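Enquirer: Below is the file start.tsv, with TSV, C-alpha atoms.
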```
chain	number	residue	atom	x	y	z
A	1032	ASN	CA	20.68	17.63	6.71
A	1033	ALA	CA	18.96	18.81	3.53
A	1034	GLY	CA	17.18	15.53	2.59
A	1035	VAL	CA	16.34	15.29	-1.12
A	1036	THR	CA	17.26	18.35	-3.17
A	1037	GLN	CA	15.96	18.93	-6.68
A	1038	THR	CA	17.14	21.58	-9.11
A	1039	PRO	CA	15.91	23.60	-10.86
A	1040	LYS	CA	12.50	24.35	-9.32
A	1041	PHE	CA	11.10	25.62	-12.62
A	1042	GLN	CA	12.17	25.14	-16.22
A	1043	VAL	CA	10.78	26.07	-19.62
A	1044	LEU	CA	12.06	24.22	-22.68
A	1045	LYS	CA	11.31	24.34	-26.36
A	1046	THR	CA	10.39	21.15	-28.17
A	1047	GLY	CA	13.52	19.23	-29.10
A	1048	GLN	CA	15.77	20.75	-26.46
A	1049	SER	CA	17.57	18.57	-23.96
A	1050	MET	CA	18.11	19.07	-20.27
A	1051	THR	CA	18.99	17.29	-17.05
A	1052	LEU	CA	16.94	17.44	-13.88
A	1053	GLN	CA	19.19	17.13	-10.88
A	1054	CYS	CA	18.47	15.15	-7.72
A	1055	ALA	CA	20.77	14.77	-4.74
A	1056	GLN	CA	20.25	13.23	-1.32
A	1057	ASP	CA	22.48	13.44	1.73
A	1058	MET	CA	20.97	10.57	3.72
A	1059	ASN	CA	23.14	7.80	2.22
A	1060	HIS	CA	20.03	6.13	0.79
A	1061	GLU	CA	20.52	3.21	-1.56
A	1062	TYR	CA	17.20	3.54	-3.37
A	1063	MET	CA	16.33	6.53	-5.54
A	1064	SER	CA	13.53	7.10	-8.03
A	1065	TRP	CA	11.90	9.59	-10.36
A	1066	TYR	CA	8.16	10.20	-10.65
A	1067	ARG	CA	6.11	12.54	-12.76
A	1068	GLN	CA	2.83	13.99	-11.55
A	1069	ASP	CA	0.13	15.12	-13.94
A	1070	PRO	CA	-3.38	16.38	-13.15
A	1071	GLY	CA	-5.79	13.48	-12.85
A	1072	MET	CA	-3.01	10.89	-13.30
A	1073	GLY	CA	-1.29	10.78	-9.96
A	1074	LEU	CA	2.37	9.97	-9.52
A	1075	ARG	CA	3.85	7.67	-12.16
A	1076	LEU	CA	7.22	5.99	-11.81
A	1077	ILE	CA	9.73	6.82	-14.55
A	1078	HIS	CA	12.98	5.13	-13.48
A	1079	TYR	CA	14.49	3.90	-10.27
A	1080	SER	CA	17.81	2.72	-8.87
A	1081	VAL	CA	18.57	0.32	-6.02
A	1082	GLY	CA	22.20	1.39	-5.75
A	1083	ALA	CA	25.11	2.99	-7.58
A	1084	GLY	CA	25.48	1.53	-11.05
A	1085	ILE	CA	22.03	-0.13	-11.03
A	1086	THR	CA	18.95	1.37	-12.70
A	1087	ASP	CA	15.65	0.01	-13.96
A	1088	GLN	CA	12.56	1.23	-15.75
A	1089	GLY	CA	9.27	2.15	-14.18
A	1090	GLU	CA	5.85	2.64	-15.76
A	1091	VAL	CA	6.67	5.51	-18.13
A	1092	PRO	CA	10.38	5.42	-19.06
A	1093	ASN	CA	10.17	6.46	-22.71
A	1094	GLY	CA	11.93	9.74	-23.48
A	1095	TYR	CA	13.97	9.69	-20.28
A	1096	ASN	CA	17.43	8.42	-19.37
A	1097	VAL	CA	19.04	7.94	-15.98
A	1098	SER	CA	22.37	6.88	-14.55
A	1099	ARG	CA	23.62	6.38	-11.00
A	1100	SER	CA	27.34	6.89	-10.68
A	1101	THR	CA	27.25	7.83	-6.99
A	1102	THR	CA	24.99	7.03	-4.05
A	1103	GLU	CA	24.09	10.71	-3.65
A	1104	ASP	CA	23.03	11.71	-7.17
A	1105	PHE	CA	20.40	10.45	-9.59
A	1106	PRO	CA	19.95	12.81	-12.56
A	1107	LEU	CA	17.09	12.49	-15.05
A	1108	ARG	CA	17.87	13.38	-18.66
A	1109	LEU	CA	15.40	14.46	-21.31
A	1110	LEU	CA	17.16	13.96	-24.63
A	1111	SER	CA	14.61	15.67	-26.88
A	1112	ALA	CA	11.83	17.38	-24.96
A	1113	ALA	CA	8.22	17.01	-26.12
A	1114	PRO	CA	5.09	18.88	-24.97
A	1115	SER	CA	3.84	15.58	-23.48
A	1116	GLN	CA	6.69	15.81	-20.98
A	1117	THR	CA	5.22	18.95	-19.44
A	1118	SER	CA	4.74	17.86	-15.84
A	1119	VAL	CA	5.96	18.15	-12.28
A	1120	TYR	CA	8.87	15.81	-11.61
A	1121	PHE	CA	9.63	14.40	-8.18
A	1122	CYS	CA	12.73	12.60	-7.01
A	1123	ALA	CA	12.44	10.28	-4.03
A	1124	SER	CA	14.79	8.10	-2.00
A	1125	ASN	CA	14.59	5.49	0.73
A	1126	PRO	CA	17.17	3.79	2.91
A	1127	GLY	CA	16.55	0.24	1.82
A	1128	THR	CA	17.05	-1.57	-1.42
A	1129	GLY	CA	13.30	-1.67	-2.00
A	1130	VAL	CA	10.21	0.32	-1.29
A	1131	ARG	CA	8.01	-2.29	0.28
A	1132	ASN	CA	8.64	-1.72	3.93
A	1133	SER	CA	10.11	1.74	4.30
A	1134	PRO	CA	8.84	5.15	3.27
A	1135	LEU	CA	9.97	7.35	0.42
A	1136	HIS	CA	11.51	10.76	1.09
A	1137	PHE	CA	10.53	13.19	-1.66
A	1138	GLY	CA	12.08	16.37	-2.96
A	1139	ASN	CA	9.89	19.39	-3.64
A	1140	GLY	CA	9.77	18.87	-7.37
A	1141	THR	CA	10.75	20.48	-10.65
A	1142	ARG	CA	7.96	22.04	-12.67
A	1143	LEU	CA	8.79	21.59	-16.36
A	1144	THR	CA	6.96	23.22	-19.26
A	1145	VAL	CA	7.75	22.23	-22.85
A	1146	THR	CA	6.45	24.60	-25.50
B	31	SER	CA	-1.87	-4.15	-14.35
B	32	GLN	CA	-2.28	-2.86	-10.84
B	33	LYS	CA	-5.10	-0.36	-10.46
B	34	ILE	CA	-5.42	1.88	-7.42
B	35	GLU	CA	-8.54	3.92	-6.81
B	36	GLN	CA	-9.07	6.54	-4.17
B	37	ASN	CA	-12.72	7.03	-3.44
B	38	SER	CA	-13.15	10.61	-4.45
B	39	GLU	CA	-11.16	13.47	-5.79
B	40	ALA	CA	-12.36	15.82	-3.07
B	41	LEU	CA	-13.75	15.51	0.44
B	42	ASN	CA	-15.04	18.46	2.48
B	43	ILE	CA	-15.74	18.11	6.18
B	44	GLN	CA	-16.28	20.32	9.19
B	45	GLU	CA	-13.59	20.85	11.79
B	46	GLY	CA	-13.80	18.31	14.60
B	47	LYS	CA	-15.35	15.57	12.48
B	48	THR	CA	-13.62	12.39	11.37
B	49	ALA	CA	-12.40	12.27	7.79
B	50	THR	CA	-12.40	8.85	6.14
B	51	LEU	CA	-10.53	8.30	2.88
B	52	THR	CA	-10.68	5.09	0.87
B	53	CYS	CA	-8.06	3.33	-1.23
B	54	ASN	CA	-9.10	0.32	-3.32
B	55	TYR	CA	-6.80	-1.83	-5.43
B	56	THR	CA	-7.20	-4.62	-7.97
B	57	ASN	CA	-5.30	-7.55	-9.42
B	58	TYR	CA	-2.34	-7.83	-7.08
B	59	SER	CA	-2.13	-8.18	-3.34
B	60	PRO	CA	0.44	-5.80	-1.92
B	61	ALA	CA	2.43	-6.79	1.11
B	62	TYR	CA	2.58	-3.18	2.27
B	63	LEU	CA	0.43	-0.11	1.81
B	64	GLN	CA	1.53	3.44	2.54
B	65	TRP	CA	-0.23	6.78	2.98
B	66	TYR	CA	1.28	10.16	2.14
B	67	ARG	CA	0.24	13.77	2.53
B	68	GLN	CA	0.92	16.36	-0.18
B	69	ASP	CA	0.57	20.11	0.18
B	70	PRO	CA	0.39	22.43	-2.86
B	71	GLY	CA	3.79	22.97	-4.45
B	72	ARG	CA	5.49	20.40	-2.24
B	73	GLY	CA	6.53	16.77	-2.48
B	74	PRO	CA	4.54	14.05	-0.72
B	75	VAL	CA	5.35	13.40	2.92
B	76	PHE	CA	5.08	9.92	4.45
B	77	LEU	CA	2.44	9.39	7.14
B	78	LEU	CA	1.85	5.69	7.82
B	79	LEU	CA	2.75	2.23	6.55
B	80	ILE	CA	0.69	-0.89	7.19
B	81	ARG	CA	1.63	-4.49	6.46
B	82	GLU	CA	-0.71	-7.12	5.08
B	83	ASN	CA	-0.75	-9.02	8.37
B	84	GLU	CA	-1.72	-5.88	10.31
B	85	LYS	CA	-5.39	-4.98	10.51
B	86	GLU	CA	-4.91	-1.50	11.89
B	87	LYS	CA	-2.19	1.07	12.55
B	88	ARG	CA	-2.45	4.29	14.56
B	89	LYS	CA	-0.37	7.43	14.89
B	90	GLU	CA	-1.76	10.26	17.00
B	91	ARG	CA	-5.04	11.30	15.27
B	92	LEU	CA	-4.42	9.07	12.26
B	93	LYS	CA	-5.63	5.51	11.80
B	94	VAL	CA	-5.16	3.19	8.85
B	95	THR	CA	-6.87	-0.14	8.24
B	96	PHE	CA	-5.96	-2.78	5.67
B	97	ASP	CA	-8.49	-5.38	4.51
B	98	THR	CA	-6.86	-7.78	2.06
B	99	THR	CA	-10.16	-9.59	1.49
B	100	LEU	CA	-11.90	-6.41	0.36
B	101	LYS	CA	-8.66	-5.14	-1.26
B	102	GLN	CA	-9.17	-1.88	0.56
B	103	SER	CA	-7.45	0.49	2.95
B	104	LEU	CA	-9.23	3.16	4.97
B	105	PHE	CA	-7.44	6.25	6.27
B	106	HIS	CA	-9.07	8.12	9.15
B	107	ILE	CA	-8.24	11.51	10.61
B	108	THR	CA	-10.08	12.05	13.88
B	109	ALA	CA	-10.84	15.48	15.36
B	110	SER	CA	-9.93	17.03	12.02
B	111	GLN	CA	-8.46	20.53	11.85
B	112	PRO	CA	-8.14	23.07	9.03
B	113	ALA	CA	-4.39	22.32	9.07
B	114	ASP	CA	-5.23	18.78	7.91
B	115	SER	CA	-6.39	20.20	4.57
B	116	ALA	CA	-4.17	18.64	1.90
B	117	THR	CA	-4.14	15.90	-0.71
B	118	TYR	CA	-3.72	12.38	0.65
B	119	LEU	CA	-2.18	9.65	-1.47
B	120	CYS	CA	-2.15	5.91	-1.00
B	121	ALA	CA	0.68	3.84	-2.43
B	122	LEU	CA	1.42	0.15	-2.70
B	123	ASP	CA	3.88	-2.28	-4.14
B	124	ARG	CA	3.01	-4.82	-6.78
B	125	GLY	CA	3.78	-7.79	-4.60
B	126	SER	CA	6.84	-9.11	-6.37
B	127	THR	CA	8.81	-6.09	-7.55
B	128	LEU	CA	10.83	-4.52	-4.81
B	129	GLY	CA	11.63	-1.30	-6.63
B	130	ARG	CA	8.21	-0.14	-7.68
B	131	LEU	CA	5.76	1.80	-5.55
B	132	TYR	CA	2.50	2.75	-7.23
B	133	PHE	CA	0.36	5.70	-6.20
B	134	GLY	CA	-3.32	6.47	-6.39
B	135	ARG	CA	-4.45	9.82	-7.76
B	136	GLY	CA	-5.14	11.19	-4.31
B	137	THR	CA	-8.05	12.66	-2.41
B	138	GLN	CA	-8.08	16.40	-1.72
B	139	LEU	CA	-9.34	16.97	1.81
B	140	THR	CA	-10.67	20.34	2.92
B	141	VAL	CA	-11.51	20.89	6.58
B	142	TRP	CA	-13.58	24.01	7.15
B	143	PRO	CA	-13.97	25.80	10.50
```
As C-alpha cells, how would this structure be written, given the file I've shared?

Expert:
Amino acid sequence: NAGVTQTPKFQVLKTGQSMTLQCAQDMNHEYMSWYRQDPGMGLRLIHYSVGAGITDQGEVPNGYNVSRSTTEDFPLRLLSAAPSQTSVYFCASNPGTGVRNSPLHFGNGTRLTVT
Amino acid sequence: SQKIEQNSEALNIQEGKTATLTCNYTNYSPAYLQWYRQDPGRGPVFLLLIRENEKEKRKERLKVTFDTTLKQSLFHITASQPADSATYLCALDRGSTLGRLYFGRGTQLTVWP
C-alpha cells in the first residue's frame, strides 16, 4: 500500500515550457487535491476533485489545469511555466467527498524550479 | 476571506517541557479543525481533528482544544522530546465549502535536550 505517490520529485523548467505533475493514490479515495507551498505563505489550494469527472478551483488556480478521469490519478498541468510557479507541490487525498471531517493523506511533494 | 494565524514562526523549548502552539482564525467559523506535522522534505502528516462541539481532544502526549468564542485552537505536546521537532500546521474548512481545507503557515518547533 503506497498511499499517495507523486512524480517527479524534482523538476527544472524554463519559462514557457509545459509539464504535468503526476499524482496517484491506491487507497480508493474519492477526494484529491493539489496544494503549493511557498516560504512564508503556507499551503495554498490550487484545484481539487470530489470524484472522477468532477474538479473545482481552489485559492490559486490560475496557470494550472487538472482533470480526473480515474479515481486513482489526478495530474496537474502547467501549460506555460512562469518563475512565479517555482514552489513545492503537494498532492493529497481523503476517503470522503469532503475534507471537513476526515484527514488528508499527502504525498511527499514535487519541487519545481522555473528559470 | 478566511485568515488563519499561527502564533509564531518558531518555538524553542527544552526537552520534557510542554509545547503550546496557537492557531487563530477570523471571519468564518469552521466546523472542524485539524492539526498536521511536517518534517523537512516531506508532506504533512495528520495528527488530530477536533469538531466545533468538542472542547478538547487527546492522543497520547498530544492535546488539542477548540474555543469557538475566541476563534482559537491550542495544540499541546506534553513531555516534549527532540523527535517532536518539526513544523506543525493547523487547517480548517470555511464552513460551507466541503472541498476546501485551508492551512496556516505553520509553527516550527525545536525541542533541545

Enquirer: Compute the set of chain B residues within 8 Å of chain A, using all atoms listed in the file, and express it as a PyMOL selection string.

Expert: chain B and resi 61-62+64+71-76+79+81+122-123+128-136

Enquirer: What is the distance, in Å and to one decimal place, between CA of Asn57 (chain B) and CA of Lys33 (chain B)?

Expert: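 Computing it gives 7.3 Å between the two atoms.
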
Enquirer: Could you state the separation of CA of Gln102 (chain B) and CA of Glu86 (chain B) in Å, given to one decimal place?

Expert: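 Separation of CA of Gln102 (chain B) and CA of Glu86 (chain B): 12.1 Å.
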
Enquirer: Work out how far CA of Gln1116 (chain A) is from CA of Leu1044 (chain A), in Å to one decimal.

Expert: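 Separating CA of Leu1044 (chain A) from CA of Gln1116 (chain A) is a distance of 10.1 Å.
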
Enquirer: Residues within 7 Å of Leu1143 (chain A), please, as a list in words. Count all atoms listed in the file; anything in the same chain fewer than 5 positions from it doesn't count.

Expert: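 Surrounding residues, per the criterion: Phe1041, Gln1042, Val1043, Thr1117, Ser1118 and Val1119 of chain A.
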
Enquirer: Restricting it to C-alpha atoms, dump the selection as an mmCIF file, in the frame of the given file.

Expert:
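Written output follows (part-v4.cif):
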```
data_model
loop_
_atom_site.group_PDB
_atom_site.id
_atom_site.type_symbol
_atom_site.label_atom_id
_atom_site.label_comp_id
_atom_site.auth_asym_id
_atom_site.auth_seq_id
_atom_site.Cartn_x
_atom_site.Cartn_y
_atom_site.Cartn_z
ATOM 1 C CA PHE A 1041 11.100 25.620 -12.620
ATOM 2 C CA GLN A 1042 12.170 25.140 -16.220
ATOM 3 C CA VAL A 1043 10.780 26.070 -19.620
ATOM 4 C CA THR A 1117 5.220 18.950 -19.440
ATOM 5 C CA SER A 1118 4.740 17.860 -15.840
ATOM 6 C CA VAL A 1119 5.960 18.150 -12.280
#
```

Enquirer: Under the rule that only C-alpha atoms are counted, which of B:Glu39, B:Glu84, B:Asp114, B:Asp69 is the nearest residue to Val141 (chain B)?

Expert: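 Among the listed residues, the smallest separation from Val141 (chain B) belongs to B:Asp114.
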
Enquirer: For His1060 (chain A), find every residue with an atom within 9 Å (counting all atoms listed in the file), except residues of its own chain fewer than 3 positions away, and show them as a PyMOL selection string.

Expert: chain A and resi 1056-1057+1063+1082+1102-1103+1124-1128

Enquirer: Quick one: everything within 9 Å of Asn83 (chain B), counting all atoms listed in the file, minus sequence neighbours fewer than 3 positions away in the same chain. Send it as number ranges by chain.

Expert: B: 61, 80, 96, 98

Enquirer: List as a list of chain:residue names the protein and nucleic acid residues near Cys1054 (chain A), meaning an atom at most 8 Å away when only C-alpha atoms are counted, but skip any in the same chain fewer than 2 places from it.

Expert: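 Skipping anything fewer than 2 positions along the chain leaves A:Val1035, A:Thr1036, A:Gln1037, A:Thr1038, A:Leu1052, A:Gln1056, A:Asp1104, A:Phe1105, A:Pro1106, A:Leu1107, A:Cys1122.
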
Enquirer: Please determine, counting only C-alpha atoms, which residue among B:Cys120, B:Asn54, B:Gln44, B:Ala113 has the shortest atom-to-atom distance to Leu77 (chain B).

Expert: B:Cys120

Enquirer: Can you work out which one of B:Thr108, B:Thr117, B:Thr52, B:Asn42 has the shortest atom-to-atom distance to Trp142 (chain B), counting all atoms listed in the file?

Expert: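 When distances to Trp142 (chain B) are compared using all atoms listed in the file, the smallest one comes from B:Asn42.
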
Enquirer: Which polymer residues have any atom within 7 Å of an atom of Met1050 (chain A), counting all atoms listed in the file, with same-chain residues fewer than 2 positions away left out, as a list in words?

Expert: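 In the requested format, the answer is Gln1048, Leu1052, Arg1108, Leu1109 and Leu1110 of chain A.
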
Enquirer: Taking C-alpha atoms for each residue, export the selection above as a compact mmCIF listing (two decimals), keeping the file's coordinate frame.

Expert:
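Output saved as selection_15.txt:
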```txt
# COMPACT_ATOMS: atom_id res chain seq x y z
CA GLN A 1048 15.77 20.75 -26.46
CA LEU A 1052 16.94 17.44 -13.88
CA ARG A 1108 17.87 13.38 -18.66
CA LEU A 1109 15.40 14.46 -21.31
CA LEU A 1110 17.16 13.96 -24.63
```

Enquirer: Could you work out an axis-aligned box for region 113-122 of chain B, taking every atom the file lists and adding 4 Å on each side, and report centre and edge lengths in Å to one decimal, as AutoDock Vina command-line options?

Expert:
```
--center_x -2.5 --center_y 11.2 --center_z 3.2 --size_x 15.8 --size_y 30.2 --size_z 19.8
```

Enquirer: Of the residues B:Leu78, B:Thr99, B:Thr50, B:Trp65, which is the one nearest to Leu119 (chain B), using all atoms listed in the file?

Expert: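 Using all atoms listed in the file, the shortest distance to Leu119 (chain B) belongs to B:Trp65.
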
Enquirer: Tell me which of B:Cys53, B:Ile43, B:Ala116, B:Leu139 sits closest to Lys101 (chain B), counting only C-alpha atoms.

Expert: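 Checking each candidate against Lys101 (chain B), we get B:Cys53 as the closest.
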
Enquirer: Starting from the block above, write region 1037-1122 of chain A out to a file with C-alpha atoms, as an mmCIF file, in the first residue's frame, please.

Expert:
```cif
data_model
loop_
_atom_site.group_PDB
_atom_site.id
_atom_site.type_symbol
_atom_site.label_atom_id
_atom_site.label_comp_id
_atom_site.auth_asym_id
_atom_site.auth_seq_id
_atom_site.Cartn_x
_atom_site.Cartn_y
_atom_site.Cartn_z
ATOM 1 C CA GLN A 1037 3.969 11.972 -6.652
ATOM 2 C CA THR A 1038 6.350 12.089 -9.584
ATOM 3 C CA PRO A 1039 8.809 13.536 -10.314
ATOM 4 C CA LYS A 1040 10.419 14.543 -7.004
ATOM 5 C CA PHE A 1041 12.368 17.380 -8.622
ATOM 6 C CA GLN A 1042 11.933 19.271 -11.874
ATOM 7 C CA VAL A 1043 13.571 22.269 -13.512
ATOM 8 C CA LEU A 1044 11.727 24.041 -16.320
ATOM 9 C CA LYS A 1045 12.428 27.027 -18.482
ATOM 10 C CA THR A 1046 9.865 29.802 -18.700
ATOM 11 C CA GLY A 1047 7.179 28.896 -21.206
ATOM 12 C CA GLN A 1048 7.664 25.145 -21.047
ATOM 13 C CA SER A 1049 4.805 22.851 -20.149
ATOM 14 C CA MET A 1050 4.759 19.814 -17.929
ATOM 15 C CA THR A 1051 2.491 17.528 -15.945
ATOM 16 C CA LEU A 1052 2.954 16.687 -12.292
ATOM 17 C CA GLN A 1053 1.681 13.210 -11.602
ATOM 18 C CA CYS A 1054 -0.279 12.090 -8.553
ATOM 19 C CA ALA A 1055 -1.634 8.615 -7.902
ATOM 20 C CA GLN A 1056 -3.262 7.063 -4.857
ATOM 21 C CA ASP A 1057 -4.037 3.417 -4.200
ATOM 22 C CA MET A 1058 -6.489 3.884 -1.327
ATOM 23 C CA ASN A 1059 -9.634 4.261 -3.468
ATOM 24 C CA HIS A 1060 -10.118 7.797 -2.152
ATOM 25 C CA GLU A 1061 -12.804 9.915 -3.758
ATOM 26 C CA TYR A 1062 -11.302 13.288 -2.864
ATOM 27 C CA MET A 1063 -7.991 14.503 -4.269
ATOM 28 C CA SER A 1064 -6.355 17.916 -4.259
ATOM 29 C CA TRP A 1065 -3.269 19.887 -5.194
ATOM 30 C CA TYR A 1066 -1.514 22.416 -2.959
ATOM 31 C CA ARG A 1067 1.530 24.561 -3.435
ATOM 32 C CA GLN A 1068 3.791 25.511 -0.548
ATOM 33 C CA ASP A 1069 5.929 28.628 -0.610
ATOM 34 C CA PRO A 1070 8.122 30.079 2.152
ATOM 35 C CA GLY A 1071 6.077 32.314 4.421
ATOM 36 C CA MET A 1072 2.825 31.504 2.589
ATOM 37 C CA GLY A 1073 1.868 28.098 3.858
ATOM 38 C CA LEU A 1074 -0.064 25.576 1.807
ATOM 39 C CA ARG A 1075 -2.438 27.060 -0.757
ATOM 40 C CA LEU A 1076 -5.105 25.049 -2.543
ATOM 41 C CA ILE A 1077 -4.823 25.012 -6.342
ATOM 42 C CA HIS A 1078 -7.518 22.587 -7.528
ATOM 43 C CA TYR A 1079 -9.464 19.727 -6.050
ATOM 44 C CA SER A 1080 -11.730 16.883 -7.118
ATOM 45 C CA VAL A 1081 -14.513 15.116 -5.227
ATOM 46 C CA GLY A 1082 -14.641 12.197 -7.651
ATOM 47 C CA ALA A 1083 -13.845 11.046 -11.172
ATOM 48 C CA GLY A 1084 -15.006 13.597 -13.717
ATOM 49 C CA ILE A 1085 -15.512 16.363 -11.120
ATOM 50 C CA THR A 1086 -12.993 19.140 -10.452
ATOM 51 C CA ASP A 1087 -13.140 22.604 -8.934
ATOM 52 C CA GLN A 1088 -10.867 25.544 -8.312
ATOM 53 C CA GLY A 1089 -9.135 26.398 -5.085
ATOM 54 C CA GLU A 1090 -7.470 29.635 -3.975
ATOM 55 C CA VAL A 1091 -4.772 29.892 -6.662
ATOM 56 C CA PRO A 1092 -5.908 28.072 -9.831
ATOM 57 C CA ASN A 1093 -4.510 30.418 -12.476
ATOM 58 C CA GLY A 1094 -1.867 28.830 -14.692
ATOM 59 C CA TYR A 1095 -2.846 25.283 -13.759
ATOM 60 C CA ASN A 1096 -5.203 22.711 -15.265
ATOM 61 C CA VAL A 1097 -6.476 19.445 -13.844
ATOM 62 C CA SER A 1098 -8.641 16.546 -14.912
ATOM 63 C CA ARG A 1099 -9.844 13.416 -13.128
ATOM 64 C CA SER A 1100 -10.534 10.557 -15.487
ATOM 65 C CA THR A 1101 -9.971 7.813 -12.903
ATOM 66 C CA THR A 1102 -10.324 7.549 -9.134
ATOM 67 C CA GLU A 1103 -6.604 6.815 -8.770
ATOM 68 C CA ASP A 1104 -4.991 9.648 -10.740
ATOM 69 C CA PHE A 1105 -5.139 13.429 -10.519
ATOM 70 C CA PRO A 1106 -2.480 15.095 -12.706
ATOM 71 C CA LEU A 1107 -1.664 18.802 -12.514
ATOM 72 C CA ARG A 1108 -0.710 20.508 -15.769
ATOM 73 C CA LEU A 1109 1.329 23.665 -16.172
ATOM 74 C CA LEU A 1110 0.639 24.909 -19.687
ATOM 75 C CA SER A 1111 3.260 27.668 -19.824
ATOM 76 C CA ALA A 1112 5.538 27.717 -16.805
ATOM 77 C CA ALA A 1113 6.409 31.033 -15.153
ATOM 78 C CA PRO A 1114 9.032 31.797 -12.473
ATOM 79 C CA SER A 1115 6.143 32.568 -10.068
ATOM 80 C CA GLN A 1116 5.247 28.876 -10.232
ATOM 81 C CA THR A 1117 8.516 27.902 -8.583
ATOM 82 C CA SER A 1118 7.287 26.069 -5.499
ATOM 83 C CA VAL A 1119 6.847 22.724 -3.805
ATOM 84 C CA TYR A 1120 3.668 20.990 -4.945
ATOM 85 C CA PHE A 1121 1.770 18.534 -2.786
ATOM 86 C CA CYS A 1122 -0.999 16.172 -3.778
#
```
